[in-house]
$ cat target.tsv   # TSV, N, CA and C atoms
chain	number	residue	atom	x	y	z
A	22	MET	N	-135.72	113.17	-21.08
A	22	MET	CA	-136.89	113.48	-20.28
A	22	MET	C	-136.42	113.79	-18.86
A	23	GLY	N	-136.85	114.93	-18.34
A	23	GLY	CA	-136.45	115.34	-17.00
A	23	GLY	C	-137.19	114.56	-15.92
A	24	LEU	N	-136.73	114.70	-14.68
A	24	LEU	CA	-137.32	113.98	-13.55
A	24	LEU	C	-138.78	114.36	-13.32
A	25	ASP	N	-139.08	115.65	-13.47
A	25	ASP	CA	-140.48	116.09	-13.30
A	25	ASP	C	-141.39	115.46	-14.35
A	26	GLU	N	-140.90	115.44	-15.59
A	26	GLU	CA	-141.67	114.82	-16.68
A	26	GLU	C	-141.87	113.32	-16.43
A	27	GLN	N	-140.81	112.68	-15.97
A	27	GLN	CA	-140.90	111.25	-15.67
A	27	GLN	C	-141.92	110.99	-14.56
A	28	ASN	N	-141.88	111.81	-13.53
A	28	ASN	CA	-142.82	111.60	-12.42
A	28	ASN	C	-144.26	111.87	-12.86
A	29	GLN	N	-144.47	112.88	-13.71
A	29	GLN	CA	-145.82	113.15	-14.22
A	29	GLN	C	-146.33	111.98	-15.06
A	30	LEU	N	-145.44	111.42	-15.85
A	30	LEU	CA	-145.80	110.25	-16.67
A	30	LEU	C	-146.15	109.07	-15.77
A	31	LYS	N	-145.36	108.86	-14.73
A	31	LYS	CA	-145.63	107.78	-13.79
A	31	LYS	C	-146.98	107.99	-13.10
A	32	ILE	N	-147.26	109.21	-12.69
A	32	ILE	CA	-148.54	109.50	-12.04
A	32	ILE	C	-149.70	109.14	-12.96
A	33	LYS	N	-149.59	109.57	-14.20
A	33	LYS	CA	-150.65	109.32	-15.18
A	33	LYS	C	-150.87	107.81	-15.40
A	34	TYR	N	-149.81	107.10	-15.71
A	34	TYR	CA	-149.93	105.68	-16.02
A	34	TYR	C	-150.22	104.83	-14.79
A	35	TYR	N	-149.61	105.17	-13.67
A	35	TYR	CA	-149.83	104.41	-12.43
A	35	TYR	C	-151.29	104.52	-12.00
A	36	SER	N	-151.83	105.72	-12.02
A	36	SER	CA	-153.23	105.88	-11.60
A	36	SER	C	-154.17	105.15	-12.55
A	37	GLU	N	-153.84	105.13	-13.81
A	37	GLU	CA	-154.66	104.40	-14.79
A	37	GLU	C	-154.57	102.89	-14.56
A	38	ALA	N	-153.36	102.39	-14.33
A	38	ALA	CA	-153.18	100.96	-14.08
A	38	ALA	C	-153.91	100.53	-12.80
A	39	ILE	N	-153.82	101.34	-11.76
A	39	ILE	CA	-154.52	101.05	-10.51
A	39	ILE	C	-156.03	101.09	-10.71
A	40	ARG	N	-156.50	102.02	-11.52
A	40	ARG	CA	-157.94	102.09	-11.82
A	40	ARG	C	-158.40	100.80	-12.49
A	41	TYR	N	-157.62	100.30	-13.42
A	41	TYR	CA	-157.93	99.02	-14.07
A	41	TYR	C	-157.99	97.90	-13.03
A	42	MET	N	-157.01	97.87	-12.14
A	42	MET	CA	-156.96	96.82	-11.12
A	42	MET	C	-158.14	96.93	-10.15
A	43	ASP	N	-158.50	98.14	-9.77
A	43	ASP	CA	-159.67	98.33	-8.90
A	43	ASP	C	-160.94	97.82	-9.57
A	44	ASN	N	-161.08	98.14	-10.86
A	44	ASN	CA	-162.25	97.65	-11.61
A	44	ASN	C	-162.23	96.12	-11.71
A	45	ALA	N	-161.05	95.56	-11.92
A	45	ALA	CA	-160.93	94.10	-12.02
A	45	ALA	C	-161.32	93.43	-10.70
A	46	LYS	N	-160.85	93.99	-9.59
A	46	LYS	CA	-161.19	93.42	-8.28
A	46	LYS	C	-162.69	93.51	-8.02
A	47	ALA	N	-163.30	94.62	-8.38
A	47	ALA	CA	-164.75	94.77	-8.19
A	47	ALA	C	-165.51	93.76	-9.04
A	48	THR	N	-165.06	93.55	-10.25
A	48	THR	CA	-165.70	92.58	-11.13
A	48	THR	C	-165.55	91.17	-10.58
A	49	LEU	N	-164.37	90.87	-10.06
A	49	LEU	CA	-164.10	89.55	-9.50
A	49	LEU	C	-165.01	89.24	-8.32
A	50	LYS	N	-165.33	90.26	-7.54
A	50	LYS	CA	-166.25	90.06	-6.41
A	50	LYS	C	-167.62	89.61	-6.89
A	51	SER	N	-168.01	90.08	-8.06
A	51	SER	CA	-169.31	89.71	-8.62
A	51	SER	C	-169.37	88.23	-9.02
A	52	ALA	N	-168.21	87.60	-9.17
A	52	ALA	CA	-168.17	86.19	-9.57
A	52	ALA	C	-168.65	85.28	-8.46
A	53	GLY	N	-168.54	85.73	-7.22
A	53	GLY	CA	-168.91	84.88	-6.09
A	53	GLY	C	-167.93	83.73	-5.93
A	54	LYS	N	-167.82	83.21	-4.70
A	54	LYS	CA	-166.88	82.13	-4.42
A	54	LYS	C	-167.58	81.02	-3.67
A	55	GLU	N	-167.19	79.82	-3.98
A	55	GLU	CA	-167.61	78.66	-3.21
A	55	GLU	C	-166.39	77.77	-3.05
A	56	ASP	N	-165.98	77.58	-1.81
A	56	ASP	CA	-164.75	76.84	-1.51
A	56	ASP	C	-163.56	77.52	-2.19
A	57	ASP	N	-162.90	76.81	-3.05
A	57	ASP	CA	-161.68	77.33	-3.68
A	57	ASP	C	-161.90	77.80	-5.12
A	58	TYR	N	-163.15	77.98	-5.51
A	58	TYR	CA	-163.44	78.35	-6.90
A	58	TYR	C	-164.43	79.51	-6.98
A	59	TYR	N	-164.23	80.33	-8.01
A	59	TYR	CA	-165.22	81.36	-8.31
A	59	TYR	C	-166.40	80.67	-8.99
A	60	ASN	N	-167.59	81.23	-8.80
A	60	ASN	CA	-168.80	80.62	-9.34
A	60	ASN	C	-169.06	80.94	-10.81
A	61	ASP	N	-168.77	82.15	-11.24
A	61	ASP	CA	-169.20	82.61	-12.56
A	61	ASP	C	-167.99	82.98	-13.41
A	62	ASP	N	-167.72	82.16	-14.42
A	62	ASP	CA	-166.53	82.41	-15.23
A	62	ASP	C	-166.62	83.68	-16.07
A	63	LYS	N	-167.82	84.15	-16.35
A	63	LYS	CA	-167.97	85.40	-17.11
A	63	LYS	C	-167.29	86.55	-16.38
A	64	TYR	N	-167.53	86.64	-15.08
A	64	TYR	CA	-166.93	87.72	-14.29
A	64	TYR	C	-165.42	87.50	-14.12
A	65	VAL	N	-165.02	86.27	-13.99
A	65	VAL	CA	-163.59	85.97	-13.85
A	65	VAL	C	-162.87	86.36	-15.14
A	66	LYS	N	-163.43	86.00	-16.27
A	66	LYS	CA	-162.83	86.35	-17.55
A	66	LYS	C	-162.71	87.86	-17.71
A	67	THR	N	-163.77	88.56	-17.39
A	67	THR	CA	-163.76	90.02	-17.51
A	67	THR	C	-162.73	90.64	-16.58
A	68	ALA	N	-162.68	90.15	-15.34
A	68	ALA	CA	-161.73	90.68	-14.36
A	68	ALA	C	-160.29	90.43	-14.81
A	69	CYS	N	-160.01	89.23	-15.29
A	69	CYS	CA	-158.65	88.90	-15.73
A	69	CYS	C	-158.23	89.73	-16.93
A	70	GLY	N	-159.14	89.93	-17.87
A	70	GLY	CA	-158.84	90.77	-19.03
A	70	GLY	C	-158.56	92.20	-18.63
A	71	THR	N	-159.33	92.71	-17.70
A	71	THR	CA	-159.15	94.08	-17.23
A	71	THR	C	-157.82	94.23	-16.50
A	72	ALA	N	-157.50	93.27	-15.63
A	72	ALA	CA	-156.23	93.31	-14.90
A	72	ALA	C	-155.04	93.22	-15.86
A	73	TYR	N	-155.13	92.37	-16.84
A	73	TYR	CA	-154.06	92.23	-17.83
A	73	TYR	C	-153.83	93.55	-18.56
A	74	ASN	N	-154.91	94.21	-18.92
A	74	ASN	CA	-154.77	95.51	-19.59
A	74	ASN	C	-154.18	96.56	-18.66
A	75	GLY	N	-154.46	96.47	-17.38
A	75	GLY	CA	-153.83	97.37	-16.42
A	75	GLY	C	-152.32	97.18	-16.38
A	76	VAL	N	-151.89	95.93	-16.44
A	76	VAL	CA	-150.46	95.62	-16.48
A	76	VAL	C	-149.83	96.18	-17.75
A	77	LEU	N	-150.51	96.05	-18.87
A	77	LEU	CA	-149.97	96.60	-20.12
A	77	LEU	C	-149.80	98.11	-20.03
A	78	LYS	N	-150.71	98.79	-19.36
A	78	LYS	CA	-150.56	100.24	-19.15
A	78	LYS	C	-149.27	100.52	-18.40
A	79	ALA	N	-149.03	99.77	-17.33
A	79	ALA	CA	-147.82	99.96	-16.53
A	79	ALA	C	-146.57	99.66	-17.36
A	80	LEU	N	-146.62	98.60	-18.14
A	80	LEU	CA	-145.47	98.26	-18.98
A	80	LEU	C	-145.21	99.31	-20.05
A	81	ASP	N	-146.28	99.88	-20.60
A	81	ASP	CA	-146.12	100.95	-21.58
A	81	ASP	C	-145.34	102.11	-20.97
A	82	CYS	N	-145.70	102.49	-19.75
A	82	CYS	CA	-145.00	103.57	-19.06
A	82	CYS	C	-143.54	103.20	-18.83
A	83	TYR	N	-143.31	102.00	-18.34
A	83	TYR	CA	-141.95	101.53	-18.08
A	83	TYR	C	-141.10	101.62	-19.35
A	84	LEU	N	-141.66	101.19	-20.46
A	84	LEU	CA	-140.91	101.20	-21.72
A	84	LEU	C	-140.68	102.62	-22.24
A	85	ILE	N	-141.64	103.51	-22.02
A	85	ILE	CA	-141.44	104.91	-22.40
A	85	ILE	C	-140.30	105.50	-21.58
A	86	LEU	N	-140.30	105.22	-20.28
A	86	LEU	CA	-139.25	105.74	-19.40
A	86	LEU	C	-137.87	105.19	-19.78
A	87	LYS	N	-137.84	103.97	-20.29
A	87	LYS	CA	-136.58	103.35	-20.72
A	87	LYS	C	-136.25	103.69	-22.17
A	88	GLU	N	-137.08	104.54	-22.77
A	88	GLU	CA	-136.88	105.04	-24.13
A	88	GLU	C	-136.86	103.94	-25.18
A	89	VAL	N	-137.70	102.93	-24.98
A	89	VAL	CA	-137.88	101.88	-25.98
A	89	VAL	C	-138.75	102.45	-27.09
A	90	LEU	N	-138.35	102.22	-28.30
A	90	LEU	CA	-139.11	102.74	-29.43
A	90	LEU	C	-140.50	102.12	-29.48
A	91	PRO	N	-141.51	102.94	-29.67
A	91	PRO	CA	-142.87	102.38	-29.78
A	91	PRO	C	-143.04	101.64	-31.10
A	92	VAL	N	-144.11	100.89	-31.21
A	92	VAL	CA	-144.39	100.20	-32.47
A	92	VAL	C	-144.70	101.24	-33.54
A	93	LYS	N	-144.50	100.84	-34.77
A	93	LYS	CA	-144.78	101.75	-35.88
A	93	LYS	C	-146.26	102.03	-35.95
A	94	LYS	N	-146.57	103.22	-36.42
A	94	LYS	CA	-147.97	103.61	-36.56
A	94	LYS	C	-148.70	102.61	-37.44
A	95	GLY	N	-149.89	102.23	-37.00
A	95	GLY	CA	-150.68	101.26	-37.74
A	95	GLY	C	-150.41	99.82	-37.33
A	96	HIS	N	-149.40	99.62	-36.49
A	96	HIS	CA	-149.09	98.28	-35.99
A	96	HIS	C	-149.58	98.16	-34.55
A	97	ARG	N	-149.73	96.97	-34.12
A	97	ARG	CA	-150.24	96.69	-32.80
A	97	ARG	C	-149.14	96.12	-31.91
A	98	LYS	N	-149.16	96.52	-30.64
A	98	LYS	CA	-148.25	95.90	-29.68
A	98	LYS	C	-148.79	94.51	-29.38
A	99	ASP	N	-147.90	93.55	-29.33
A	99	ASP	CA	-148.31	92.19	-29.01
A	99	ASP	C	-147.37	91.62	-27.96
A	100	LYS	N	-147.61	90.39	-27.61
A	100	LYS	CA	-146.80	89.73	-26.58
A	100	LYS	C	-145.32	89.79	-26.93
A	101	GLN	N	-144.98	89.57	-28.19
A	101	GLN	CA	-143.59	89.55	-28.61
A	101	GLN	C	-142.93	90.92	-28.45
A	102	TYR	N	-143.68	92.00	-28.66
A	102	TYR	CA	-143.15	93.35	-28.47
A	102	TYR	C	-142.68	93.53	-27.03
A	103	TYR	N	-143.55	93.17	-26.08
A	103	TYR	CA	-143.20	93.32	-24.66
A	103	TYR	C	-142.07	92.38	-24.27
A	104	GLU	N	-142.12	91.14	-24.74
A	104	GLU	CA	-141.08	90.17	-24.40
A	104	GLU	C	-139.72	90.61	-24.92
A	105	LYS	N	-139.68	91.07	-26.15
A	105	LYS	CA	-138.40	91.50	-26.74
A	105	LYS	C	-137.82	92.67	-25.95
A	106	ALA	N	-138.65	93.65	-25.66
A	106	ALA	CA	-138.17	94.82	-24.93
A	106	ALA	C	-137.71	94.45	-23.52
A	107	LEU	N	-138.48	93.63	-22.84
A	107	LEU	CA	-138.13	93.26	-21.47
A	107	LEU	C	-136.91	92.34	-21.41
A	108	THR	N	-136.71	91.54	-22.45
A	108	THR	CA	-135.53	90.67	-22.51
A	108	THR	C	-134.26	91.50	-22.45
A	109	GLU	N	-134.30	92.65	-23.09
A	109	GLU	CA	-133.12	93.52	-23.15
A	109	GLU	C	-132.98	94.39	-21.90
A	110	LEU	N	-134.08	94.63	-21.18
A	110	LEU	CA	-134.06	95.58	-20.07
A	110	LEU	C	-134.06	94.95	-18.68
A	111	ASP	N	-134.92	93.96	-18.47
A	111	ASP	CA	-135.13	93.48	-17.10
A	111	ASP	C	-135.68	92.05	-17.16
A	112	LYS	N	-134.82	91.08	-16.93
A	112	LYS	CA	-135.23	89.67	-17.01
A	112	LYS	C	-136.25	89.30	-15.94
A	113	LYS	N	-136.14	89.89	-14.77
A	113	LYS	CA	-137.09	89.60	-13.70
A	113	LYS	C	-138.49	90.10	-14.10
A	114	LEU	N	-138.54	91.30	-14.64
A	114	LEU	CA	-139.82	91.85	-15.11
A	114	LEU	C	-140.37	91.01	-16.26
A	115	LEU	N	-139.50	90.49	-17.10
A	115	LEU	CA	-139.90	89.59	-18.18
A	115	LEU	C	-140.59	88.36	-17.60
A	116	ASN	N	-140.01	87.77	-16.56
A	116	ASN	CA	-140.62	86.59	-15.93
A	116	ASN	C	-141.98	86.93	-15.34
A	117	TYR	N	-142.10	88.09	-14.73
A	117	TYR	CA	-143.41	88.51	-14.20
A	117	TYR	C	-144.42	88.65	-15.34
A	118	PHE	N	-143.97	89.24	-16.45
A	118	PHE	CA	-144.87	89.41	-17.59
A	118	PHE	C	-145.34	88.06	-18.12
A	119	LYS	N	-144.42	87.11	-18.23
A	119	LYS	CA	-144.79	85.78	-18.72
A	119	LYS	C	-145.81	85.13	-17.79
A	120	THR	N	-145.65	85.32	-16.49
A	120	THR	CA	-146.61	84.79	-15.52
A	120	THR	C	-147.97	85.43	-15.71
A	121	ILE	N	-147.99	86.73	-15.86
A	121	ILE	CA	-149.25	87.46	-16.08
A	121	ILE	C	-149.92	87.00	-17.35
A	122	TYR	N	-149.14	86.85	-18.39
A	122	TYR	CA	-149.70	86.41	-19.67
A	122	TYR	C	-150.34	85.04	-19.52
A	123	GLU	N	-149.65	84.12	-18.88
A	123	GLU	CA	-150.18	82.76	-18.70
A	123	GLU	C	-151.40	82.71	-17.78
A	124	ILE	N	-151.32	83.40	-16.65
A	124	ILE	CA	-152.41	83.30	-15.67
A	124	ILE	C	-153.60	84.17	-16.05
A	125	LEU	N	-153.35	85.47	-16.20
A	125	LEU	CA	-154.48	86.38	-16.43
A	125	LEU	C	-155.00	86.33	-17.86
A	126	HIS	N	-154.11	86.37	-18.82
A	126	HIS	CA	-154.56	86.46	-20.21
A	126	HIS	C	-155.05	85.12	-20.75
A	127	LEU	N	-154.21	84.09	-20.65
A	127	LEU	CA	-154.60	82.81	-21.23
A	127	LEU	C	-155.56	82.03	-20.34
A	128	ALA	N	-155.11	81.70	-19.12
A	128	ALA	CA	-155.94	80.87	-18.24
A	128	ALA	C	-157.20	81.60	-17.78
A	129	GLY	N	-157.03	82.82	-17.29
A	129	GLY	CA	-158.18	83.54	-16.75
A	129	GLY	C	-159.13	84.06	-17.81
A	130	TYR	N	-158.59	84.81	-18.75
A	130	TYR	CA	-159.44	85.47	-19.75
A	130	TYR	C	-159.94	84.49	-20.81
A	131	TYR	N	-159.05	83.74	-21.42
A	131	TYR	CA	-159.47	82.87	-22.52
A	131	TYR	C	-160.10	81.57	-22.05
A	132	GLU	N	-159.49	80.94	-21.06
A	132	GLU	CA	-159.95	79.61	-20.68
A	132	GLU	C	-160.94	79.61	-19.52
A	133	GLY	N	-161.08	80.74	-18.85
A	133	GLY	CA	-162.06	80.83	-17.77
A	133	GLY	C	-161.66	80.09	-16.50
A	134	GLU	N	-160.37	80.07	-16.21
A	134	GLU	CA	-159.89	79.43	-14.97
A	134	GLU	C	-160.62	80.05	-13.77
A	135	LYS	N	-161.17	79.21	-12.90
A	135	LYS	CA	-161.94	79.72	-11.77
A	135	LYS	C	-161.31	79.41	-10.42
A	136	ASN	N	-160.12	78.82	-10.40
A	136	ASN	CA	-159.46	78.53	-9.14
A	136	ASN	C	-159.01	79.83	-8.48
A	137	VAL	N	-159.49	80.07	-7.27
A	137	VAL	CA	-159.24	81.33	-6.57
A	137	VAL	C	-157.74	81.57	-6.37
A	138	SER	N	-157.00	80.57	-5.92
A	138	SER	CA	-155.59	80.79	-5.63
A	138	SER	C	-154.78	81.11	-6.88
A	139	ILE	N	-155.13	80.52	-8.00
A	139	ILE	CA	-154.42	80.80	-9.25
A	139	ILE	C	-154.68	82.24	-9.69
A	140	ILE	N	-155.95	82.64	-9.69
A	140	ILE	CA	-156.30	84.00	-10.10
A	140	ILE	C	-155.69	85.03	-9.15
A	141	GLN	N	-155.74	84.76	-7.86
A	141	GLN	CA	-155.17	85.69	-6.89
A	141	GLN	C	-153.66	85.83	-7.08
A	142	GLU	N	-152.99	84.76	-7.43
A	142	GLU	CA	-151.55	84.83	-7.70
A	142	GLU	C	-151.30	85.74	-8.91
A	143	GLY	N	-152.15	85.62	-9.92
A	143	GLY	CA	-152.03	86.50	-11.08
A	143	GLY	C	-152.19	87.96	-10.71
A	144	PHE	N	-153.15	88.25	-9.85
A	144	PHE	CA	-153.37	89.62	-9.40
A	144	PHE	C	-152.17	90.11	-8.58
A	145	LYS	N	-151.62	89.25	-7.76
A	145	LYS	CA	-150.46	89.61	-6.94
A	145	LYS	C	-149.27	90.01	-7.82
A	146	VAL	N	-149.01	89.21	-8.84
A	146	VAL	CA	-147.90	89.51	-9.76
A	146	VAL	C	-148.20	90.77	-10.56
A	147	ALA	N	-149.46	90.98	-10.91
A	147	ALA	CA	-149.85	92.20	-11.62
A	147	ALA	C	-149.47	93.43	-10.81
A	148	TYR	N	-149.78	93.41	-9.53
A	148	TYR	CA	-149.43	94.55	-8.67
A	148	TYR	C	-147.92	94.72	-8.57
A	149	THR	N	-147.17	93.63	-8.59
A	149	THR	CA	-145.71	93.71	-8.55
A	149	THR	C	-145.19	94.48	-9.76
A	150	ILE	N	-145.75	94.21	-10.92
A	150	ILE	CA	-145.34	94.92	-12.13
A	150	ILE	C	-145.75	96.39	-12.04
A	151	ILE	N	-146.96	96.65	-11.63
A	151	ILE	CA	-147.47	98.02	-11.56
A	151	ILE	C	-146.64	98.86	-10.58
A	152	GLU	N	-146.18	98.25	-9.50
A	152	GLU	CA	-145.37	98.97	-8.52
A	152	GLU	C	-144.05	99.47	-9.10
A	153	LYS	N	-143.60	98.89	-10.21
A	153	LYS	CA	-142.37	99.33	-10.85
A	153	LYS	C	-142.45	100.78	-11.34
A	154	ILE	N	-143.67	101.26	-11.57
A	154	ILE	CA	-143.81	102.62	-12.08
A	154	ILE	C	-144.45	103.55	-11.04
A	155	LYS	N	-144.48	103.12	-9.81
A	155	LYS	CA	-145.11	103.93	-8.76
A	155	LYS	C	-144.37	105.28	-8.68
A	156	PRO	N	-145.14	106.38	-8.71
A	156	PRO	CA	-144.52	107.70	-8.64
A	156	PRO	C	-143.82	107.93	-7.30
A	157	ASN	N	-142.88	108.84	-7.31
A	157	ASN	CA	-142.14	109.18	-6.07
A	157	ASN	C	-143.04	109.82	-5.04
$ encode --input "target.tsv" --output "structure tokens"
Amino acid sequence: MGLDEQNQLKIKYYSEAIRYMDNAKATLKSAGKEDDYYNDDKYVKTACGTAYNGVLKALDCYLILKEVLPVKKGHRKDKQYYEKALTELDKKLLNYFKTIYEILHLAGYYEGEKNVSIIQEGFKVAYTIIEKIKPN
């Protein structure tokens, strides 16, 4: 894949990942805050799920650029797919992914964690991952 193709791919995936993050931030605002906690876990769950999916978009681009084989047709990408690929490519990115999985996917989306600082840390790490595919 040539440099122009790579940059076009980055533009496509980066803008999509940022769109997900923008939507997640807007949804999170709807949750309202009181002291150190969001008020409405429905909005927090939705925002965390959306942000997590934005990260997956960025990781998909990263793995395409690194020429990692996609999953077989009819199969689904799961946590193990990303972990296995990142273990071989970038241990630091793997650690970021594990953080995102724990904070945004499990705590935020599934368990409805409403602590503002925890969720904000998840969003911060999400942007760190997304920046890996930022176009030139």
$ atom_distance --input "target.tsv" --atom1 "atom CA of Gly129 of chain A" --atom2 "atom CA of Val65 of chain A"
6.6 Å
$ residues_around --input "target.tsv" --residues "Tyr122 of chain A" --least-positions-apart "6" --cutoff "8 Å" --atoms "all atoms listed in the file" --output "MDAnalysis selection string"
chainID A and resid 73 116 128:129 143
$ write_last_selection --input "target.tsv" --atoms "N, CA and C atoms" --output "short mmCIF file (atom, residue, chain, number, x, y, z; two decimals), in the frame of the given file"
data_model
loop_
_atom_site.label_atom_id
_atom_site.label_comp_id
_atom_site.auth_asym_id
_atom_site.auth_seq_id
_atom_site.Cartn_x
_atom_site.Cartn_y
_atom_site.Cartn_z
N TYR A 73 -155.13 92.37 -16.84
CA TYR A 73 -154.06 92.23 -17.83
C TYR A 73 -153.83 93.55 -18.56
N ASN A 116 -140.01 87.77 -16.56
CA ASN A 116 -140.62 86.59 -15.93
C ASN A 116 -141.98 86.93 -15.34
N ALA A 128 -155.11 81.70 -19.12
CA ALA A 128 -155.94 80.87 -18.24
C ALA A 128 -157.20 81.60 -17.78
N GLY A 129 -157.03 82.82 -17.29
CA GLY A 129 -158.18 83.54 -16.75
C GLY A 129 -159.13 84.06 -17.81
N GLY A 143 -152.15 85.62 -9.92
CA GLY A 143 -152.03 86.50 -11.08
C GLY A 143 -152.19 87.96 -10.71
#
$ atom_distance --input "target.tsv" --atom1 "atom C of Glu123 of chain A" --atom2 "atom C of Asp111 of chain A"
18.3 Å
$ residues_around --input "target.tsv" --residues "Ala52 of chain A" --least-positions-apart "5" --cutoff "6.5 Å" --atoms "all atoms listed in the file" --output "compact mmCIF listing (two decimals) with N, CA and C atoms, keeping the file's coordinate frame"
# COMPACT_ATOMS: atom_id res chain seq x y z
N TYR A 59 -164.23 80.33 -8.01
CA TYR A 59 -165.22 81.36 -8.31
C TYR A 59 -166.40 80.67 -8.99
N ASN A 60 -167.59 81.23 -8.80
CA ASN A 60 -168.80 80.62 -9.34
C ASN A 60 -169.06 80.94 -10.81
N ASP A 61 -168.77 82.15 -11.24
CA ASP A 61 -169.20 82.61 -12.56
C ASP A 61 -167.99 82.98 -13.41
N ASP A 62 -167.72 82.16 -14.42
CA ASP A 62 -166.53 82.41 -15.23
C ASP A 62 -166.62 83.68 -16.07
N TYR A 64 -167.53 86.64 -15.08
CA TYR A 64 -166.93 87.72 -14.29
C TYR A 64 -165.42 87.50 -14.12
N VAL A 65 -165.02 86.27 -13.99
CA VAL A 65 -163.59 85.97 -13.85
C VAL A 65 -162.87 86.36 -15.14
$ atom_distance --input "target.tsv" --atom1 "atom C of Tyr103 of chain A" --atom2 "atom CA of Ala72 of chain A"
17.0 Å
$ closest_residue --input "target.tsv" --among "A:Ala79, A:Leu110, A:Leu90, A:Met22" --to "Tyr35 of chain A" --atoms "all atoms listed in the file"
A:Ala79
$ residues_around --input "target.tsv" --residues "Glu132 of chain A" --least-positions-apart "5" --cutoff "8 Å" --atoms "only N, CA and C atoms" --output "PDB file with N, CA and C atoms, keeping the file's coordinate frame"
ATOM      1  N   ASP A  62    -167.720  82.160 -14.420  1.00  0.00           N
ATOM      2  CA  ASP A  62    -166.530  82.410 -15.230  1.00  0.00           C
ATOM      3  C   ASP A  62    -166.620  83.680 -16.070  1.00  0.00           C
ATOM      4  N   LYS A  66    -163.430  86.000 -16.270  1.00  0.00           N
ATOM      5  CA  LYS A  66    -162.830  86.350 -17.550  1.00  0.00           C
ATOM      6  C   LYS A  66    -162.710  87.860 -17.710  1.00  0.00           C
ATOM      7  N   LEU A 125    -153.350  85.470 -16.200  1.00  0.00           N
ATOM      8  CA  LEU A 125    -154.480  86.380 -16.430  1.00  0.00           C
ATOM      9  C   LEU A 125    -155.000  86.330 -17.860  1.00  0.00           C
ATOM     10  N   HIS A 126    -154.110  86.370 -18.820  1.00  0.00           N
ATOM     11  CA  HIS A 126    -154.560  86.460 -20.210  1.00  0.00           C
ATOM     12  C   HIS A 126    -155.050  85.120 -20.750  1.00  0.00           C
ATOM     13  N   LEU A 127    -154.210  84.090 -20.650  1.00  0.00           N
ATOM     14  CA  LEU A 127    -154.600  82.810 -21.230  1.00  0.00           C
ATOM     15  C   LEU A 127    -155.560  82.030 -20.340  1.00  0.00           C
TER      16      LEU A 127
END
$ closest_residue --input "target.tsv" --among "A:Leu115, A:Gly133, A:Lys153, A:Lys145" --to "Lys63 of chain A" --atoms "only N, CA and C atoms"
A:Gly133
$ closest_residue --input "target.tsv" --among "A:Ser36, A:Thr120, A:Thr149, A:Ser138" --to "Asp57 of chain A" --atoms "only C-alpha atoms"
A:Ser138
$ closest_residue --input "target.tsv" --among "A:Leu77, A:Ala68, A:Ala45, A:Leu30" --to "Ile151 of chain A" --atoms "only C-alpha atoms"
A:Leu77
$ residues_around --input "target.tsv" --residues "segment 83-87 of chain A" --least-positions-apart "6" --cutoff "8 Å" --atoms "only N, CA and C atoms" --output "MDAnalysis selection string"
chainID A and resid 27 31 34 77 106 153:154
$ decode --input "target.tsv" --residues "segment 34-74 of chain A" --atoms "C-alpha atoms" --output "mmCIF file, in the first residue's frame"
data_model
loop_
_atom_site.group_PDB
_atom_site.id
_atom_site.type_symbol
_atom_site.label_atom_id
_atom_site.label_comp_id
_atom_site.auth_asym_id
_atom_site.auth_seq_id
_atom_site.Cartn_x
_atom_site.Cartn_y
_atom_site.Cartn_z
ATOM 1 C CA TYR A 34 -10.924 5.942 9.716
ATOM 2 C CA TYR A 35 -9.666 8.878 11.782
ATOM 3 C CA SER A 36 -12.627 11.064 10.863
ATOM 4 C CA GLU A 37 -15.000 8.206 11.661
ATOM 5 C CA ALA A 38 -13.344 7.525 15.031
ATOM 6 C CA ILE A 39 -13.463 11.234 15.915
ATOM 7 C CA ARG A 40 -17.132 11.353 14.897
ATOM 8 C CA TYR A 41 -17.826 8.507 17.323
ATOM 9 C CA MET A 42 -15.943 10.353 20.077
ATOM 10 C CA ASP A 43 -17.803 13.607 19.383
ATOM 11 C CA ASN A 44 -21.111 11.740 19.621
ATOM 12 C CA ALA A 45 -19.970 10.058 22.839
ATOM 13 C CA LYS A 46 -19.007 13.394 24.416
ATOM 14 C CA ALA A 47 -22.361 14.919 23.438
ATOM 15 C CA THR A 48 -24.193 11.956 24.945
ATOM 16 C CA LEU A 49 -22.130 12.186 28.124
ATOM 17 C CA LYS A 50 -23.172 15.816 28.556
ATOM 18 C CA SER A 51 -26.779 14.640 28.640
ATOM 19 C CA ALA A 52 -25.977 12.523 31.712
ATOM 20 C CA GLY A 53 -25.557 15.610 33.881
ATOM 21 C CA LYS A 54 -23.073 15.813 36.756
ATOM 22 C CA GLU A 55 -23.355 16.265 40.465
ATOM 23 C CA ASP A 56 -20.084 16.486 42.372
ATOM 24 C CA ASP A 57 -17.876 13.664 41.110
ATOM 25 C CA TYR A 58 -20.587 11.522 39.513
ATOM 26 C CA TYR A 59 -22.748 11.540 36.425
ATOM 27 C CA ASN A 60 -26.456 11.512 37.211
ATOM 28 C CA ASP A 61 -27.883 9.194 34.558
ATOM 29 C CA ASP A 62 -26.215 5.869 33.874
ATOM 30 C CA LYS A 63 -28.206 5.348 30.665
ATOM 31 C CA TYR A 64 -26.329 8.202 29.001
ATOM 32 C CA VAL A 65 -23.015 7.135 30.498
ATOM 33 C CA LYS A 66 -23.482 3.599 29.182
ATOM 34 C CA THR A 67 -24.383 4.861 25.722
ATOM 35 C CA ALA A 68 -21.448 7.286 25.654
ATOM 36 C CA CYS A 69 -18.962 4.634 26.783
ATOM 37 C CA GLY A 70 -20.208 2.143 24.203
ATOM 38 C CA THR A 71 -19.952 4.724 21.451
ATOM 39 C CA ALA A 72 -16.433 5.769 22.501
ATOM 40 C CA TYR A 73 -15.310 2.139 22.655
ATOM 41 C CA ASN A 74 -16.574 1.579 19.126
#
